[in-house]
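Q: Pasting in a structure now, in structure tokens, and then I'll have a few things to ask.
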Amino acid sequence: MLGVSTGNMIPGIPTRLLKRLIEIGLREAFDEFYQLFEDFPKVRSGRQLIQPFAEWDKVARRYSHDEIIALIKALTVWERDWPNVGWGSTSPVIPLYRYLLESARDDLTELRDWVIAHTKNFYLPFGGRYRPASLSEYHDLVAQDEARRRAREQAEDLALAARRAARKKRQGEQQQARLHRRQTRAVLIESLRHLSPAERLEHIIADTKRSVSFYPSEWAVLDSATIQTLPSQLRLATIQRLADRRTGIWKRLRVQLERNA
């Protein structure tokens with residue numbers, strides 16, 4: 001027997017309408033919606049049923065477990081079958097279903113599966129990605145999500161730490177490599193300082209493993225007298241070695257040698 005109440009529990013929603021919806025849901029006589037909207041034409045769009053959760057909680061407290069299930073079924077089909085009734089996350093099914101989860105603590109697998117099978121609203125029945133059939137299942141789902149979130153965060157933290165460690169190692173190796181190159185260069189340059197300009201130039205031209213810019217730029221500055229004393233073979237080899245120089249001190253040396261060839 002339907003719960004008894006007087007007046008409207010929610011402003012704009014006649015109690016008689018709720019009772020008719022429950023009757024339709026109990027018998028799953030959804031073809032009676034046509035007559036329902038003849039009797040209640042102002043609610044056809046369903047806008048009046050968009051109410052705060054607390055209001056639907058008050059409604060749920062006035063009816064039995066089976067009546068709430070019937071109301072949920074009727075509301076589910078109403079939204080599905082009537083145009084322009086897109087309740088989405090504001091569907092009254094959501095607070096009613098949550099009320100059942102929290103109050104009855106029953107296994108609602110059958111109701112949940114029924115709603116999912118009869119709705120186009122992906123928020124139903126719970127209001128989000130969770131579709132629990134009991135309060136304990138809901139808490140399990142939340143706990144599983146939280147555990148996955150923590151695992152993802154831990155994996156991300158470990159991956160970040162690994163990237164930072166690898167970057168630090170790479171930077172350290174690069175720094176050591178630069179230091180080694182500087183030390184190697186300093187030793188080599190020092191070993192060549194005692195040579196004459198011509199001897200140094202001969203070494204630079206013969207060193208095809210390194211760019212000429214590896215060597216001190218002042219070693220490319222030769223006066224005319226020194227240039228005149230360079231062997232012709234060394235002059236030619238130097239000109240060829242510096243052929244790709246487009247600017248700078250080594251280009252000027254090549255131009256000097258070409259003029260004095």
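Letters A, B, ... mark the chains of the structure tokens in the order given; residue numbers begin at 1 per chain; ligand numbers begin at 1, in order shown.
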List the neighbours of Ala243 (chain A) out to 12 Å using only C-alpha atoms; skip same-chain residues closer than 2 positions along the sequence, and give me the result as a count of residues only.

A: 19

Q: Please report, as CSV, each residue of region 97-118 of chain A lying at most 12 Å from region 77-84 of chain A, together with the nearest pair of atoms and the separation in Å rounded to one decimal; use only C-alpha atoms, and order rows by chain and ascending residue number.

A:
residue,atom,partner,partner_atom,distance
A:Trp114,CA,A:Val77,CA,10.7
A:Val115,CA,A:Val77,CA,8.7
A:Ile116,CA,A:Val77,CA,10.9
A:Ala117,CA,A:Val77,CA,10.4
A:His118,CA,A:Val77,CA,6.7

Q: Filtering to N, CA and C atoms, could you give me those residues as a compact mmCIF listing (two decimals), in the first residue's frame?

A:
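After the write, result-v2.txt holds the following:
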# COMPACT_ATOMS: atom_id res chain seq x y z
N TRP A 114 18.78 -3.20 -13.55
CA TRP A 114 17.56 -2.79 -14.25
C TRP A 114 17.70 -1.35 -14.73
N VAL A 115 18.15 -0.47 -13.85
CA VAL A 115 18.31 0.95 -14.23
C VAL A 115 19.30 1.09 -15.38
N ILE A 116 20.44 0.41 -15.27
CA ILE A 116 21.46 0.51 -16.32
C ILE A 116 20.89 0.03 -17.65
N ALA A 117 20.08 -0.99 -17.61
CA ALA A 117 19.52 -1.55 -18.84
C ALA A 117 18.42 -0.67 -19.42
N HIS A 118 17.84 0.23 -18.63
CA HIS A 118 16.69 1.01 -19.09
C HIS A 118 16.97 2.51 -19.16

Q: Need to verify the contact set: region 133-141 of chain A, 12 Å, only C-alpha atoms, exclusion of same-chain residues closer than 4 positions in sequence. Can you return it as a list in words?

A: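 Answer for this query is Tyr97, Arg98, Tyr99, Leu100, Leu101, Glu102, Ser103, Ala104, Arg105, Asp106, Asp107, Leu108, Thr109, Glu110, Leu111, Arg112, Asp113, Trp114, Val115, Ile116, Pro125, Phe126, Gly128, Arg129, Asp145, Glu146, Ala147 and Arg148 of chain A.
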
Q: Rounded to one decimal in Å, what is the spacing between CA of Asp66 (chain A) and CA of Arg16 (chain A)?

A: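 Computing it gives 17.6 Å between the two atoms.
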
Q: Pick out the residues sitting within 9 Å of Leu71 (chain A), and hand them over as an NGL selection string; count only C-alpha atoms, and ignore anything fewer than 3 positions along from it in its own chain.

A: :A and (18-19 or 21-26 or 66-68 or 74-76 or 93 or 96)

Q: Quick one: DSSP helix (DSSP H, G or I) residues in region 63-197 of chain A, as a VMD selection string?

A: chain A and resid 65 to 81 88 to 90 93 to 103 109 to 117 135 to 192 197

Q: Using only C-alpha atoms for the distances, tell me which of A:Thr184, A:Ala54, A:Ser232, A:Ala70 is nearest to Arg20 (chain A).

A: A:Ala70

Q: If we count only C-alpha atoms and set the cut-off at 12 Å, which residues sit around Gln228 (chain A), ignoring sequence neighbours fewer than 4 positions away in its own chain? Please answer as an MDAnalysis selection string.

A: chainID A and resid 198 222:224 232 234:235 256:261

Q: Can you write just those residues out, C-alpha atoms, as a PDB file, in the first residue's frame?

A:
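So the final result, stored in part.pdb, reads:
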ATOM      1  CA  ALA A 198     105.892  27.291 -38.049  1.00  0.00           C
ATOM      2  CA  LEU A 222     101.849  35.284 -38.114  1.00  0.00           C
ATOM      3  CA  ASP A 223     103.849  38.275 -39.259  1.00  0.00           C
ATOM      4  CA  SER A 224     104.970  38.638 -42.837  1.00  0.00           C
ATOM      5  CA  SER A 232     105.666  26.017 -49.693  1.00  0.00           C
ATOM      6  CA  LEU A 234     103.149  23.762 -45.451  1.00  0.00           C
ATOM      7  CA  ARG A 235     101.605  26.909 -46.958  1.00  0.00           C
ATOM      8  CA  GLN A 256      97.556  36.027 -45.980  1.00  0.00           C
ATOM      9  CA  LEU A 257      98.992  32.744 -47.194  1.00  0.00           C
ATOM     10  CA  GLU A 258      97.079  32.955 -50.487  1.00  0.00           C
ATOM     11  CA  ARG A 259      98.443  36.470 -51.107  1.00  0.00           C
ATOM     12  CA  ASN A 260     101.959  35.351 -50.405  1.00  0.00           C
ATOM     13  CA  ALA A 261     101.724  32.071 -52.306  1.00  0.00           C
TER      14      ALA A 261
END

Q: CA of Lys169 (chain A) to CA of Glu153 (chain A): how many Å, to one decimal?

A: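 It comes out at 23.9 Å.
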
Q: Between CA of Ala206 (chain A) and CA of Leu192 (chain A), what distance in Å does the model show, to one decimal?

A: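 Result for CA of Ala206 (chain A) versus CA of Leu192 (chain A): 13.5 Å, one decimal.
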
Q: Which polymer residues have any atom within 12 Å of an atom of Arg47 (chain A), counting only C-alpha atoms, with same-chain residues fewer than 4 positions away left out, as a list of chain:residue names?

A: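 Skipping anything fewer than 4 positions along the chain leaves A:Gly12, A:Ile13, A:Lys42, A:Val43, A:Gln51, A:Glu79, A:Asn84, A:Val85, A:Gly86, A:Trp87, A:Gly88, A:Thr90, A:Ser91, A:Pro92.
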
Q: Go ahead and dump the residues you just picked, C-alpha atoms, as a PDB file, in the first residue's frame.

A:
ATOM      1  CA  GLY A  12       5.775  22.223  -7.585  1.00  0.00           C
ATOM      2  CA  ILE A  13       5.571  18.423  -7.416  1.00  0.00           C
ATOM      3  CA  LYS A  42       2.677  21.007 -16.443  1.00  0.00           C
ATOM      4  CA  VAL A  43       5.250  18.428 -15.374  1.00  0.00           C
ATOM      5  CA  GLN A  51      15.542  19.431  -6.786  1.00  0.00           C
ATOM      6  CA  GLU A  79      13.768  10.498 -18.616  1.00  0.00           C
ATOM      7  CA  ASN A  84      13.722  17.229 -23.553  1.00  0.00           C
ATOM      8  CA  VAL A  85      13.911  15.492 -20.160  1.00  0.00           C
ATOM      9  CA  GLY A  86      17.694  15.338 -19.883  1.00  0.00           C
ATOM     10  CA  TRP A  87      18.203  15.338 -16.130  1.00  0.00           C
ATOM     11  CA  GLY A  88      21.781  14.069 -16.312  1.00  0.00           C
ATOM     12  CA  THR A  90      20.414  16.181 -11.508  1.00  0.00           C
ATOM     13  CA  SER A  91      18.208  13.109 -11.970  1.00  0.00           C
ATOM     14  CA  PRO A  92      16.052  12.347  -8.895  1.00  0.00           C
TER      15      PRO A  92
END
